[in-house]
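Engineer: Got a file for you: my_file_21.csv, CSV, C-alpha atoms (C1' of nucleotides).
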chain,number,residue,atom,x,y,z
A,1,MET,CA,0.5,-4.6,-8.6
A,2,ASN,CA,-0.1,-1.1,-7.3
A,3,LYS,CA,-1.1,-0.7,-3.7
A,4,LYS,CA,-4.0,1.5,-4.8
A,5,VAL,CA,-5.5,-1.4,-6.7
A,6,TYR,CA,-5.6,-3.5,-3.5
A,7,LYS,CA,-7.2,-0.6,-1.7
A,8,ILE,CA,-10.0,-0.2,-4.3
A,9,HIS,CA,-10.4,-4.0,-4.5
A,10,SER,CA,-10.8,-4.2,-0.7
A,11,GLU,CA,-13.5,-1.6,-0.9
A,12,ILE,CA,-15.5,-3.7,-3.4
A,13,CYS,CA,-15.0,-6.7,-1.0
A,14,LYS,CA,-16.1,-4.6,1.9
A,15,THR,CA,-19.2,-3.7,0.0
A,16,LEU,CA,-19.9,-7.4,-0.4
A,17,SER,CA,-19.1,-8.2,3.2
A,18,ASN,CA,-22.5,-7.7,4.7
A,19,PRO,CA,-25.3,-10.3,4.8
A,20,VAL,CA,-28.0,-7.9,3.8
A,21,ARG,CA,-26.2,-6.7,0.8
A,22,LEU,CA,-25.3,-10.3,-0.3
A,23,GLU,CA,-28.9,-11.3,0.0
A,24,VAL,CA,-30.0,-8.3,-2.1
A,25,ILE,CA,-27.3,-9.1,-4.7
A,26,ASN,CA,-28.5,-12.7,-4.8
A,27,LEU,CA,-32.1,-11.5,-5.3
A,28,LEU,CA,-30.9,-9.3,-8.2
A,29,ARG,CA,-29.2,-12.3,-9.8
A,30,ASN,CA,-31.5,-12.5,-12.8
A,31,LYS,CA,-34.3,-10.0,-12.1
A,32,LYS,CA,-34.7,-6.3,-11.5
A,33,ARG,CA,-36.5,-5.7,-8.2
A,34,SER,CA,-38.1,-2.7,-6.6
A,35,VAL,CA,-37.1,-1.6,-3.1
A,36,GLY,CA,-40.5,-2.7,-1.8
A,37,GLU,CA,-40.1,-6.2,-3.3
A,38,LEU,CA,-36.7,-6.5,-1.7
A,39,VAL,CA,-38.2,-5.5,1.7
A,40,ASN,CA,-40.9,-8.1,1.3
A,41,LEU,CA,-38.6,-10.8,0.1
A,42,THR,CA,-36.0,-10.3,2.8
A,43,LYS,CA,-38.3,-9.3,5.7
A,44,ILE,CA,-35.7,-6.6,6.5
A,45,SER,CA,-36.8,-3.1,7.4
A,46,GLN,CA,-37.3,-0.6,4.7
A,47,SER,CA,-34.8,1.8,6.2
A,48,THR,CA,-32.1,-0.9,6.3
A,49,ILE,CA,-32.7,-2.1,2.8
A,50,SER,CA,-32.6,1.4,1.5
A,51,GLN,CA,-29.4,2.2,3.2
A,52,HIS,CA,-27.7,-0.9,1.8
A,53,LEU,CA,-29.0,-0.1,-1.6
A,54,THR,CA,-27.5,3.3,-1.3
A,55,ILE,CA,-24.2,1.8,-0.5
A,56,LEU,CA,-24.4,-0.5,-3.5
A,57,ARG,CA,-25.3,2.4,-5.6
A,58,GLN,CA,-22.5,4.5,-4.4
A,59,LYS,CA,-20.0,1.8,-5.2
A,60,ASN,CA,-21.6,1.5,-8.7
A,61,LEU,CA,-22.5,-2.2,-8.2
A,62,VAL,CA,-26.2,-1.7,-9.0
A,63,LEU,CA,-28.2,0.4,-11.5
A,64,THR,CA,-31.6,2.0,-10.9
A,65,LYS,CA,-34.5,2.7,-13.2
A,66,ARG,CA,-37.8,4.2,-12.2
A,67,LYS,CA,-41.0,2.5,-13.5
A,68,GLY,CA,-44.1,4.2,-12.3
A,69,LYS,CA,-44.0,4.5,-8.5
A,70,ASN,CA,-41.2,2.1,-8.1
A,71,ILE,CA,-37.5,2.2,-8.5
A,72,TYR,CA,-36.0,-1.0,-9.9
A,73,TYR,CA,-32.6,-2.1,-8.9
A,74,SER,CA,-30.4,-4.4,-11.0
A,75,LEU,CA,-26.8,-5.6,-11.0
A,76,ALA,CA,-24.3,-3.3,-12.8
A,77,TYR,CA,-21.9,-6.1,-13.3
A,78,PRO,CA,-23.7,-9.5,-13.6
A,79,GLU,CA,-20.3,-11.3,-13.5
A,80,MET,CA,-20.3,-10.3,-9.8
A,81,ILE,CA,-22.5,-13.3,-9.3
A,82,LYS,CA,-19.8,-15.6,-10.6
A,83,ALA,CA,-17.4,-14.2,-7.9
A,84,CYS,CA,-20.1,-14.7,-5.3
A,85,ASP,CA,-20.8,-18.3,-6.5
A,86,ILE,CA,-17.1,-19.2,-6.2
A,87,MET,CA,-17.0,-17.9,-2.7
A,88,ARG,CA,-20.2,-19.7,-1.8
A,89,ASN,CA,-18.6,-22.9,-3.1
A,90,ILE,CA,-15.6,-22.4,-1.0
A,91,LEU,CA,-17.9,-21.8,2.0
A,92,PHE,CA,-19.7,-25.1,1.3
A,93,LYS,CA,-16.4,-27.0,1.0
A,94,GLN,CA,-15.4,-25.5,4.4
A,95,LEU,CA,-18.7,-26.6,5.9
A,96,LYS,CA,-18.3,-30.1,4.6
A,97,LYS,CA,-14.7,-30.3,6.0
A,98,ASN,CA,-16.0,-29.3,9.4
A,99,GLU,CA,-18.8,-31.9,9.2
A,100,LYS,CA,-16.2,-34.6,8.4
A,101,LEU,CA,-14.0,-33.3,11.3
A,102,VAL,CA,-16.9,-33.5,13.7
A,103,GLN,CA,-17.6,-37.1,12.6
A,104,LYS,CA,-14.0,-38.1,13.0
A,105,ILE,CA,-13.9,-36.7,16.5
A,106,ARG,CA,-17.1,-38.5,17.3
A,107,ARG,CA,-15.8,-41.8,16.0
A,108,GLY,CA,-12.5,-41.2,18.0
A,109,LYS,CA,-14.5,-41.2,21.2
B,1,MET,CA,-31.2,-19.4,0.5
B,2,ASN,CA,-30.8,-19.6,4.2
B,3,LYS,CA,-29.9,-16.3,6.0
B,4,LYS,CA,-27.0,-18.1,7.7
B,5,VAL,CA,-25.4,-18.7,4.4
B,6,TYR,CA,-25.4,-15.0,3.7
B,7,LYS,CA,-23.8,-14.4,7.1
B,8,ILE,CA,-21.0,-16.9,6.5
B,9,HIS,CA,-20.5,-15.7,3.0
B,10,SER,CA,-20.2,-12.1,4.3
B,11,GLU,CA,-17.5,-13.2,6.7
B,12,ILE,CA,-15.5,-14.6,3.9
B,13,CYS,CA,-15.9,-11.3,2.0
B,14,LYS,CA,-15.0,-9.4,5.2
B,15,THR,CA,-11.8,-11.4,5.4
B,16,LEU,CA,-11.0,-10.3,1.8
B,17,SER,CA,-12.0,-6.7,2.4
B,18,ASN,CA,-8.6,-5.5,3.5
B,19,PRO,CA,-5.8,-4.3,1.2
B,20,VAL,CA,-3.1,-6.0,3.2
B,21,ARG,CA,-4.9,-9.4,3.1
B,22,LEU,CA,-5.6,-9.0,-0.6
B,23,GLU,CA,-2.0,-8.2,-1.3
B,24,VAL,CA,-0.9,-11.3,0.7
B,25,ILE,CA,-3.5,-13.5,-1.2
B,26,ASN,CA,-2.2,-12.2,-4.5
B,27,LEU,CA,1.4,-13.0,-3.5
B,28,LEU,CA,0.3,-16.5,-2.6
B,29,ARG,CA,-1.4,-16.8,-6.0
B,30,ASN,CA,1.1,-19.5,-7.3
B,31,LYS,CA,3.8,-19.7,-4.6
B,32,LYS,CA,4.1,-20.6,-1.0
B,33,ARG,CA,5.7,-17.7,0.9
B,34,SER,CA,7.2,-17.4,4.4
B,35,VAL,CA,6.1,-14.6,6.7
B,36,GLY,CA,9.5,-12.9,6.3
B,37,GLU,CA,9.1,-13.0,2.5
B,38,LEU,CA,5.7,-11.4,2.7
B,39,VAL,CA,7.0,-8.7,5.0
B,40,ASN,CA,9.9,-7.9,2.5
B,41,LEU,CA,7.7,-8.1,-0.5
B,42,THR,CA,4.9,-5.8,0.9
B,43,LYS,CA,7.1,-3.5,3.0
B,44,ILE,CA,4.4,-3.8,5.7
B,45,SER,CA,5.4,-4.3,9.4
B,46,GLN,CA,5.9,-7.8,10.6
B,47,SER,CA,3.3,-7.4,13.3
B,48,THR,CA,0.7,-6.3,10.8
B,49,ILE,CA,1.5,-9.1,8.3
B,50,SER,CA,1.4,-11.6,11.1
B,51,GLN,CA,-2.0,-10.4,12.4
B,52,HIS,CA,-3.5,-10.6,8.9
B,53,LEU,CA,-2.1,-14.1,8.4
B,54,THR,CA,-3.7,-15.1,11.6
B,55,ILE,CA,-7.0,-13.8,10.4
B,56,LEU,CA,-6.6,-15.7,7.1
B,57,ARG,CA,-5.7,-18.8,9.0
B,58,GLN,CA,-8.7,-18.5,11.4
B,59,LYS,CA,-11.0,-18.3,8.4
B,60,ASN,CA,-9.3,-21.3,6.9
B,61,LEU,CA,-8.3,-19.5,3.8
B,62,VAL,CA,-4.6,-20.3,4.0
B,63,LEU,CA,-2.6,-23.3,5.0
B,64,THR,CA,0.7,-23.3,6.8
B,65,LYS,CA,3.7,-25.6,6.7
B,66,ARG,CA,7.0,-25.2,8.5
B,67,LYS,CA,10.2,-25.7,6.6
B,68,GLY,CA,13.3,-25.2,8.8
B,69,LYS,CA,13.0,-21.9,10.5
B,70,ASN,CA,10.3,-20.5,8.4
B,71,ILE,CA,6.5,-21.1,8.2
B,72,TYR,CA,5.3,-21.1,4.6
B,73,TYR,CA,1.8,-19.9,3.8
B,74,SER,CA,-0.3,-21.0,0.8
B,75,LEU,CA,-3.9,-20.7,-0.4
B,76,ALA,CA,-6.3,-23.3,1.0
B,77,TYR,CA,-8.7,-22.7,-1.9
B,78,PRO,CA,-6.8,-21.6,-5.1
B,79,GLU,CA,-10.1,-20.9,-6.8
B,80,MET,CA,-10.3,-17.9,-4.5
B,81,ILE,CA,-8.0,-16.3,-7.0
B,82,LYS,CA,-10.7,-16.6,-9.7
B,83,ALA,CA,-13.1,-14.7,-7.5
B,84,CYS,CA,-10.5,-12.0,-6.8
B,85,ASP,CA,-9.7,-11.7,-10.5
B,86,ILE,CA,-13.4,-11.3,-11.4
B,87,MET,CA,-13.6,-8.5,-8.9
B,88,ARG,CA,-10.5,-6.9,-10.1
B,89,ASN,CA,-11.9,-6.9,-13.7
B,90,ILE,CA,-15.0,-5.2,-12.4
B,91,LEU,CA,-12.8,-2.7,-10.7
B,92,PHE,CA,-10.9,-2.0,-13.9
B,93,LYS,CA,-14.2,-1.6,-15.8
B,94,GLN,CA,-15.3,0.9,-13.3
B,95,LEU,CA,-12.1,2.9,-13.6
B,96,LYS,CA,-12.4,3.0,-17.4
B,97,LYS,CA,-16.0,4.2,-17.1
B,98,ASN,CA,-14.8,7.0,-14.8
B,99,GLU,CA,-12.0,7.9,-17.2
B,100,LYS,CA,-14.5,8.2,-20.1
B,101,LEU,CA,-16.8,10.3,-18.0
B,102,VAL,CA,-14.0,12.7,-17.1
B,103,GLN,CA,-13.2,13.0,-20.8
B,104,LYS,CA,-16.8,13.6,-21.7
B,105,ILE,CA,-17.1,16.4,-19.1
B,106,ARG,CA,-13.8,17.9,-20.4
B,107,ARG,CA,-15.1,17.9,-24.0
B,108,GLY,CA,-18.3,19.4,-22.8
B,109,LYS,CA,-16.6,22.4,-21.4
C,1,DT,C1',20.2,-22.7,24.8
C,2,DA,C1',20.9,-18.5,22.0
C,3,DG,C1',18.8,-16.4,18.4
C,4,DA,C1',15.8,-16.1,14.4
C,5,DA,C1',11.1,-16.3,13.0
C,6,DT,C1',6.6,-15.7,14.1
C,7,DA,C1',2.6,-14.6,17.1
C,8,DT,C1',0.1,-12.0,20.6
C,9,DC,C1',-1.3,-8.1,23.5
C,10,DC,C1',-2.6,-3.4,23.8
C,11,DG,C1',-5.2,0.9,23.2
C,12,DA,C1',-6.3,4.8,20.4
C,13,DA,C1',-8.3,6.0,16.1
C,14,DT,C1',-11.6,5.0,12.8
C,15,DA,C1',-15.5,2.6,10.6
C,16,DT,C1',-19.9,0.0,10.4
C,17,DT,C1',-24.5,-1.4,11.5
C,18,DT,C1',-29.2,-0.9,12.9
C,19,DA,C1',-34.2,1.0,13.2
C,20,DA,C1',-36.9,4.9,14.5
C,21,DA,C1',-38.0,9.2,13.0
C,22,DT,C1',-38.2,12.3,9.5
C,23,DA,C1',-37.6,14.1,4.8
C,24,DT,C1',-37.9,13.9,-0.1
C,25,DT,C1',-39.6,12.5,-4.4
C,26,DT,C1',-43.0,11.2,-7.7
C,27,DT,C1',-47.3,9.5,-9.2
C,28,DG,C1',-52.1,9.6,-10.3
C,29,DG,C1',-56.5,11.8,-9.8
C,30,DT,C1',-59.0,15.9,-10.2
D,1,DA,C1',-51.5,22.9,-11.8
D,2,DC,C1',-52.3,21.0,-7.2
D,3,DC,C1',-52.6,17.7,-3.5
D,4,DA,C1',-52.7,13.3,-1.0
D,5,DA,C1',-50.5,9.2,-0.6
D,6,DA,C1',-47.1,5.8,-1.8
D,7,DA,C1',-42.4,4.8,-2.4
D,8,DT,C1',-37.9,5.6,-1.3
D,9,DA,C1',-34.0,8.2,1.0
D,10,DT,C1',-31.7,10.5,4.8
D,11,DT,C1',-30.5,11.6,9.6
D,12,DT,C1',-29.2,10.2,14.0
D,13,DA,C1',-27.0,8.0,17.8
D,14,DA,C1',-25.7,4.1,20.4
D,15,DA,C1',-23.6,-0.4,20.1
D,16,DT,C1',-20.1,-2.9,18.0
D,17,DA,C1',-16.1,-4.1,15.1
D,18,DT,C1',-11.7,-3.2,12.7
D,19,DT,C1',-7.0,-1.5,12.1
D,20,DC,C1',-2.4,-0.3,13.2
D,21,DG,C1',2.5,-0.7,15.1
D,22,DG,C1',5.2,-0.8,19.3
D,23,DA,C1',6.2,-3.8,22.8
D,24,DT,C1',6.5,-8.2,24.3
D,25,DA,C1',6.0,-13.2,24.2
D,26,DT,C1',6.3,-17.6,22.2
D,27,DT,C1',8.1,-21.2,19.3
D,28,DC,C1',11.4,-23.8,17.1
D,29,DT,C1',15.9,-24.8,15.0
D,30,DA,C1',20.7,-25.5,14.7
Give the structure from the file, written as C-alpha cells.

Structural biologist:
Amino acid sequence: MNKKVYKIHSEICKTLSNPVRLEVINLLRNKKRSVGELVNLTKISQSTISQHLTILRQKNLVLTKRKGKNIYYSLAYPEMIKACDIMRNILFKQLKKNEKLVQKIRRGK
Amino acid sequence: MNKKVYKIHSEICKTLSNPVRLEVINLLRNKKRSVGELVNLTKISQSTISQHLTILRQKNLVLTKRKGKNIYYSLAYPEMIKACDIMRNILFKQLKKNEKLVQKIRRGK
DNA sequence: TAGAATATCCGAATATTTAAATATTTTGGT
DNA sequence: ACCAAAATATTTAAATATTCGGATATTCTA
C-alpha cells in the first residue's frame, strides 16, 4: 500500500478525531440538520459548530443544501456511520474489560 | 448519547489519525509482527515506530507477546480493520470523484 | 554479562481547539 | 429593488497537543 494512502486515510481519521465532529456526525446519522438545529441539540456555541462543519465540508464528509433561511447538512458517505459504530463497539468492549478488571482487583483485596 | 462517549470515541480516532500508526495497523492485519519487522517493512526509524507502538499499546489497540528476543505485536480488536477498510473505501470514492471532476473541467476547456 | 531488541527522553517545529468579535449571505416584506 | 434581520461563516490569538529522530536507557536472552 502506497504511503500516500496512509496519509490521506489519516486525514480522514483526524477529521473524525474530535468529539464535536463525532457528535455532529452522529446527529446526521439519518437526518439532515440545519446549523441552528445542531447548535440547539449539542448546546455547543454557534461559532464552534460552524467551524467544525467547515472542516467536515472541506474534507467532503458532509453535503449542504439550502432550504429557505437554513442550510441543511447531511452525510456524504452514510457508510461512515458503520465505521463509527465499529469503533464505538470496540470502545464499549474496552470499557467492559476495564470494569471487569476493577472488579477483579476489588475482589483481590 | 453521552458526551463522554464522543470524547472516548474521538480518542480512538485520534489514535488512528497518523499515517505511521495506520501503516502499522495494516501490517498487523493478519500477522503478528516484531518491532524490528515493522521497522524494516516501513523503513521508518526504530524510535518512531516504537513510540507509535507505545501509543497503540496505551490505547489498548494492540497486544504484545515476547518470543525469544523479539516482542510481537498484534491487533487487540481485529474488527478495527473493518472500520479502516470502510474509511479506505470512502477515500477511494473521494479520489475517483476528484478524478472525474478534473476530467470534466478539462473537457470544458 | 555482553549484546540485541525495544523503550524513553528531549526539544524544536507544527497543528489543533475554543469562543468572542466580526463579517457575510440570504430571505422575506414592502 | 431595497432593507432589516436571521442564519451561517470567518478571523483572531492564546492555550494546548502532536510529531519527529538523535541520544540514551532499559530489558531480556543466550

Engineer: As a list in words, please: the residues near His52 (chain A) (cut-off 10 Å, all atoms listed in the file, same-chain neighbours under 5 positions excluded).

Structural biologist: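 In the requested form, the answer reads Thr15, Asn18, Val20, Arg21, Leu22, Val24, Ser47, Arg57 and Gln58 of chain A.
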
Engineer: Mind fitting chain B onto chain A over all Cα atoms in sequence order and sending the result as a PDB file with C-alpha atoms, in the coordinates of the input?

Structural biologist:
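Okay, superposed-v5.pdb is ready:
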ATOM      1  CA  MET B   1       0.467  -4.634  -8.542  1.00  0.00           C
ATOM      2  CA  ASN B   2      -0.057  -1.149  -7.328  1.00  0.00           C
ATOM      3  CA  LYS B   3      -1.102  -0.770  -3.626  1.00  0.00           C
ATOM      4  CA  LYS B   4      -4.014   1.422  -4.745  1.00  0.00           C
ATOM      5  CA  VAL B   5      -5.482  -1.433  -6.617  1.00  0.00           C
ATOM      6  CA  TYR B   6      -5.549  -3.495  -3.467  1.00  0.00           C
ATOM      7  CA  LYS B   7      -7.282  -0.621  -1.673  1.00  0.00           C
ATOM      8  CA  ILE B   8      -9.996  -0.283  -4.313  1.00  0.00           C
ATOM      9  CA  HIS B   9     -10.403  -3.986  -4.559  1.00  0.00           C
ATOM     10  CA  SER B  10     -10.837  -4.170  -0.748  1.00  0.00           C
ATOM     11  CA  GLU B  11     -13.591  -1.594  -0.946  1.00  0.00           C
ATOM     12  CA  ILE B  12     -15.457  -3.691  -3.381  1.00  0.00           C
ATOM     13  CA  CYS B  13     -15.072  -6.699  -1.044  1.00  0.00           C
ATOM     14  CA  LYS B  14     -16.131  -4.491   1.900  1.00  0.00           C
ATOM     15  CA  THR B  15     -19.285  -3.615   0.013  1.00  0.00           C
ATOM     16  CA  LEU B  16     -19.986  -7.379  -0.375  1.00  0.00           C
ATOM     17  CA  SER B  17     -19.097  -8.179   3.216  1.00  0.00           C
ATOM     18  CA  ASN B  18     -22.562  -7.701   4.620  1.00  0.00           C
ATOM     19  CA  PRO B  19     -25.308 -10.348   4.749  1.00  0.00           C
ATOM     20  CA  VAL B  20     -28.034  -7.912   3.844  1.00  0.00           C
ATOM     21  CA  ARG B  21     -26.148  -6.662   0.731  1.00  0.00           C
ATOM     22  CA  LEU B  22     -25.329 -10.217  -0.286  1.00  0.00           C
ATOM     23  CA  GLU B  23     -28.921 -11.252   0.055  1.00  0.00           C
ATOM     24  CA  VAL B  24     -30.013  -8.244  -2.085  1.00  0.00           C
ATOM     25  CA  ILE B  25     -27.294  -9.097  -4.748  1.00  0.00           C
ATOM     26  CA  ASN B  26     -28.509 -12.672  -4.854  1.00  0.00           C
ATOM     27  CA  LEU B  27     -32.121 -11.525  -5.342  1.00  0.00           C
ATOM     28  CA  LEU B  28     -30.967  -9.329  -8.191  1.00  0.00           C
ATOM     29  CA  ARG B  29     -29.142 -12.315  -9.704  1.00  0.00           C
ATOM     30  CA  ASN B  30     -31.527 -12.540 -12.785  1.00  0.00           C
ATOM     31  CA  LYS B  31     -34.314 -10.032 -12.037  1.00  0.00           C
ATOM     32  CA  LYS B  32     -34.718  -6.369 -11.504  1.00  0.00           C
ATOM     33  CA  ARG B  33     -36.455  -5.761  -8.159  1.00  0.00           C
ATOM     34  CA  SER B  34     -38.084  -2.678  -6.600  1.00  0.00           C
ATOM     35  CA  VAL B  35     -37.135  -1.600  -3.096  1.00  0.00           C
ATOM     36  CA  GLY B  36     -40.560  -2.698  -1.802  1.00  0.00           C
ATOM     37  CA  GLU B  37     -40.025  -6.160  -3.331  1.00  0.00           C
ATOM     38  CA  LEU B  38     -36.674  -6.509  -1.653  1.00  0.00           C
ATOM     39  CA  VAL B  39     -38.121  -5.448   1.671  1.00  0.00           C
ATOM     40  CA  ASN B  40     -40.950  -8.130   1.350  1.00  0.00           C
ATOM     41  CA  LEU B  41     -38.642 -10.774   0.100  1.00  0.00           C
ATOM     42  CA  THR B  42     -35.951 -10.297   2.860  1.00  0.00           C
ATOM     43  CA  LYS B  43     -38.280  -9.288   5.706  1.00  0.00           C
ATOM     44  CA  ILE B  44     -35.669  -6.617   6.558  1.00  0.00           C
ATOM     45  CA  SER B  45     -36.786  -3.031   7.472  1.00  0.00           C
ATOM     46  CA  GLN B  46     -37.241  -0.595   4.680  1.00  0.00           C
ATOM     47  CA  SER B  47     -34.748   1.805   6.175  1.00  0.00           C
ATOM     48  CA  THR B  48     -32.090  -0.865   6.331  1.00  0.00           C
ATOM     49  CA  ILE B  49     -32.732  -2.121   2.761  1.00  0.00           C
ATOM     50  CA  SER B  50     -32.668   1.424   1.525  1.00  0.00           C
ATOM     51  CA  GLN B  51     -29.346   2.243   3.253  1.00  0.00           C
ATOM     52  CA  HIS B  52     -27.720  -0.878   1.786  1.00  0.00           C
ATOM     53  CA  LEU B  53     -29.015  -0.033  -1.688  1.00  0.00           C
ATOM     54  CA  THR B  54     -27.503   3.342  -1.331  1.00  0.00           C
ATOM     55  CA  ILE B  55     -24.197   1.812  -0.469  1.00  0.00           C
ATOM     56  CA  LEU B  56     -24.433  -0.518  -3.498  1.00  0.00           C
ATOM     57  CA  ARG B  57     -25.322   2.402  -5.669  1.00  0.00           C
ATOM     58  CA  GLN B  58     -22.417   4.573  -4.366  1.00  0.00           C
ATOM     59  CA  LYS B  59     -20.019   1.778  -5.243  1.00  0.00           C
ATOM     60  CA  ASN B  60     -21.590   1.502  -8.648  1.00  0.00           C
ATOM     61  CA  LEU B  61     -22.525  -2.073  -8.206  1.00  0.00           C
ATOM     62  CA  VAL B  62     -26.209  -1.667  -9.003  1.00  0.00           C
ATOM     63  CA  LEU B  63     -28.168   0.359 -11.464  1.00  0.00           C
ATOM     64  CA  THR B  64     -31.528   1.946 -10.897  1.00  0.00           C
ATOM     65  CA  LYS B  65     -34.465   2.665 -13.168  1.00  0.00           C
ATOM     66  CA  ARG B  66     -37.835   4.099 -12.231  1.00  0.00           C
ATOM     67  CA  LYS B  67     -40.953   2.462 -13.535  1.00  0.00           C
ATOM     68  CA  GLY B  68     -44.139   4.231 -12.346  1.00  0.00           C
ATOM     69  CA  LYS B  69     -43.981   4.546  -8.638  1.00  0.00           C
ATOM     70  CA  ASN B  70     -41.244   2.132  -8.049  1.00  0.00           C
ATOM     71  CA  ILE B  71     -37.426   2.264  -8.541  1.00  0.00           C
ATOM     72  CA  TYR B  72     -36.101  -1.033  -9.872  1.00  0.00           C
ATOM     73  CA  TYR B  73     -32.606  -2.151  -8.942  1.00  0.00           C
ATOM     74  CA  SER B  74     -30.375  -4.453 -11.027  1.00  0.00           C
ATOM     75  CA  LEU B  75     -26.744  -5.594 -11.077  1.00  0.00           C
ATOM     76  CA  ALA B  76     -24.331  -3.251 -12.857  1.00  0.00           C
ATOM     77  CA  TYR B  77     -21.846  -6.104 -13.323  1.00  0.00           C
ATOM     78  CA  PRO B  78     -23.660  -9.524 -13.597  1.00  0.00           C
ATOM     79  CA  GLU B  79     -20.320 -11.286 -13.480  1.00  0.00           C
ATOM     80  CA  MET B  80     -20.276 -10.305  -9.824  1.00  0.00           C
ATOM     81  CA  ILE B  81     -22.526 -13.279  -9.384  1.00  0.00           C
ATOM     82  CA  LYS B  82     -19.726 -15.596 -10.594  1.00  0.00           C
ATOM     83  CA  ALA B  83     -17.452 -14.236  -7.912  1.00  0.00           C
ATOM     84  CA  CYS B  84     -20.141 -14.683  -5.246  1.00  0.00           C
ATOM     85  CA  ASP B  85     -20.818 -18.233  -6.410  1.00  0.00           C
ATOM     86  CA  ILE B  86     -17.100 -19.133  -6.250  1.00  0.00           C
ATOM     87  CA  MET B  87     -17.057 -17.891  -2.703  1.00  0.00           C
ATOM     88  CA  ARG B  88     -20.152 -19.682  -1.796  1.00  0.00           C
ATOM     89  CA  ASN B  89     -18.627 -22.975  -3.119  1.00  0.00           C
ATOM     90  CA  ILE B  90     -15.618 -22.354  -0.940  1.00  0.00           C
ATOM     91  CA  LEU B  91     -17.937 -21.791   1.938  1.00  0.00           C
ATOM     92  CA  PHE B  92     -19.741 -25.058   1.294  1.00  0.00           C
ATOM     93  CA  LYS B  93     -16.387 -26.890   1.058  1.00  0.00           C
ATOM     94  CA  GLN B  94     -15.438 -25.513   4.361  1.00  0.00           C
ATOM     95  CA  LEU B  95     -18.674 -26.628   5.977  1.00  0.00           C
ATOM     96  CA  LYS B  96     -18.243 -30.169   4.630  1.00  0.00           C
ATOM     97  CA  LYS B  97     -14.687 -30.269   5.983  1.00  0.00           C
ATOM     98  CA  ASN B  98     -16.036 -29.244   9.404  1.00  0.00           C
ATOM     99  CA  GLU B  99     -18.771 -31.869   9.217  1.00  0.00           C
ATOM    100  CA  LYS B 100     -16.180 -34.605   8.478  1.00  0.00           C
ATOM    101  CA  LEU B 101     -14.007 -33.416  11.302  1.00  0.00           C
ATOM    102  CA  VAL B 102     -16.896 -33.568  13.761  1.00  0.00           C
ATOM    103  CA  GLN B 103     -17.573 -37.118  12.596  1.00  0.00           C
ATOM    104  CA  LYS B 104     -13.959 -38.096  12.938  1.00  0.00           C
ATOM    105  CA  ILE B 105     -13.820 -36.760  16.527  1.00  0.00           C
ATOM    106  CA  ARG B 106     -17.109 -38.610  17.296  1.00  0.00           C
ATOM    107  CA  ARG B 107     -15.684 -41.905  15.969  1.00  0.00           C
ATOM    108  CA  GLY B 108     -12.566 -41.298  17.929  1.00  0.00           C
ATOM    109  CA  LYS B 109     -14.388 -41.192  21.172  1.00  0.00           C
TER     110      LYS B 109
END

Engineer: Sort by chain and increasing residue number a table of all residues of chain B within 10 Å of chain C, each with its closest pair of atoms and their distance in Å to one decimal, counting only C-alpha atoms (C1' of nucleotides), and write it as a tab-separated table.

Structural biologist:
residue	atom	partner	partner_atom	distance
B:Ser34	CA	C:DA5	C1'	9.5
B:Val35	CA	C:DT6	C1'	7.5
B:Gly36	CA	C:DA5	C1'	7.7
B:Gln46	CA	C:DT6	C1'	8.7
B:Ser47	CA	C:DA7	C1'	8.2
B:Ser50	CA	C:DA7	C1'	6.8
B:Gln51	CA	C:DA7	C1'	7.8
B:Leu53	CA	C:DA7	C1'	9.9
B:Thr54	CA	C:DA7	C1'	8.4
B:Lys69	CA	C:DA5	C1'	6.4
B:Asn70	CA	C:DA5	C1'	6.3
B:Ile71	CA	C:DT6	C1'	8.0

Engineer: When you draw a straight line from CA of Leu27 (chain B) to CA of Tyr77 (chain B), how long is it in Å?

Structural biologist: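 So the answer is 14.1 Å.
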
Engineer: Given all atoms listed in the file as the basis, pick out the residue of B:Thr64, B:Ser17, B:Asn30, B:Gln94 nearest to chain D.

Structural biologist: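 Of all the options, B:Ser17 lies closest to chain D.
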
Engineer: Could you tell me which residues of chain D sit within 9 Å of chain B when counting all atoms listed in the file, and give me the result as an MDAnalysis selection string?

Structural biologist: chainID D and resid 20:21 28:29

Engineer: May I ask for the distance between CA of Glu23 (chain B) and CA of Val5 (chain A), given in Å to one decimal place?

Structural biologist: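 Spanning CA of Glu23 (chain B) to CA of Val5 (chain A) is a straight-line distance of 9.4 Å.
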
Engineer: Calculate how many Å separate CA of Ile25 (chain B) from CA of Lys43 (chain B), rounding to one decimal.

Structural biologist: 15.2 Å
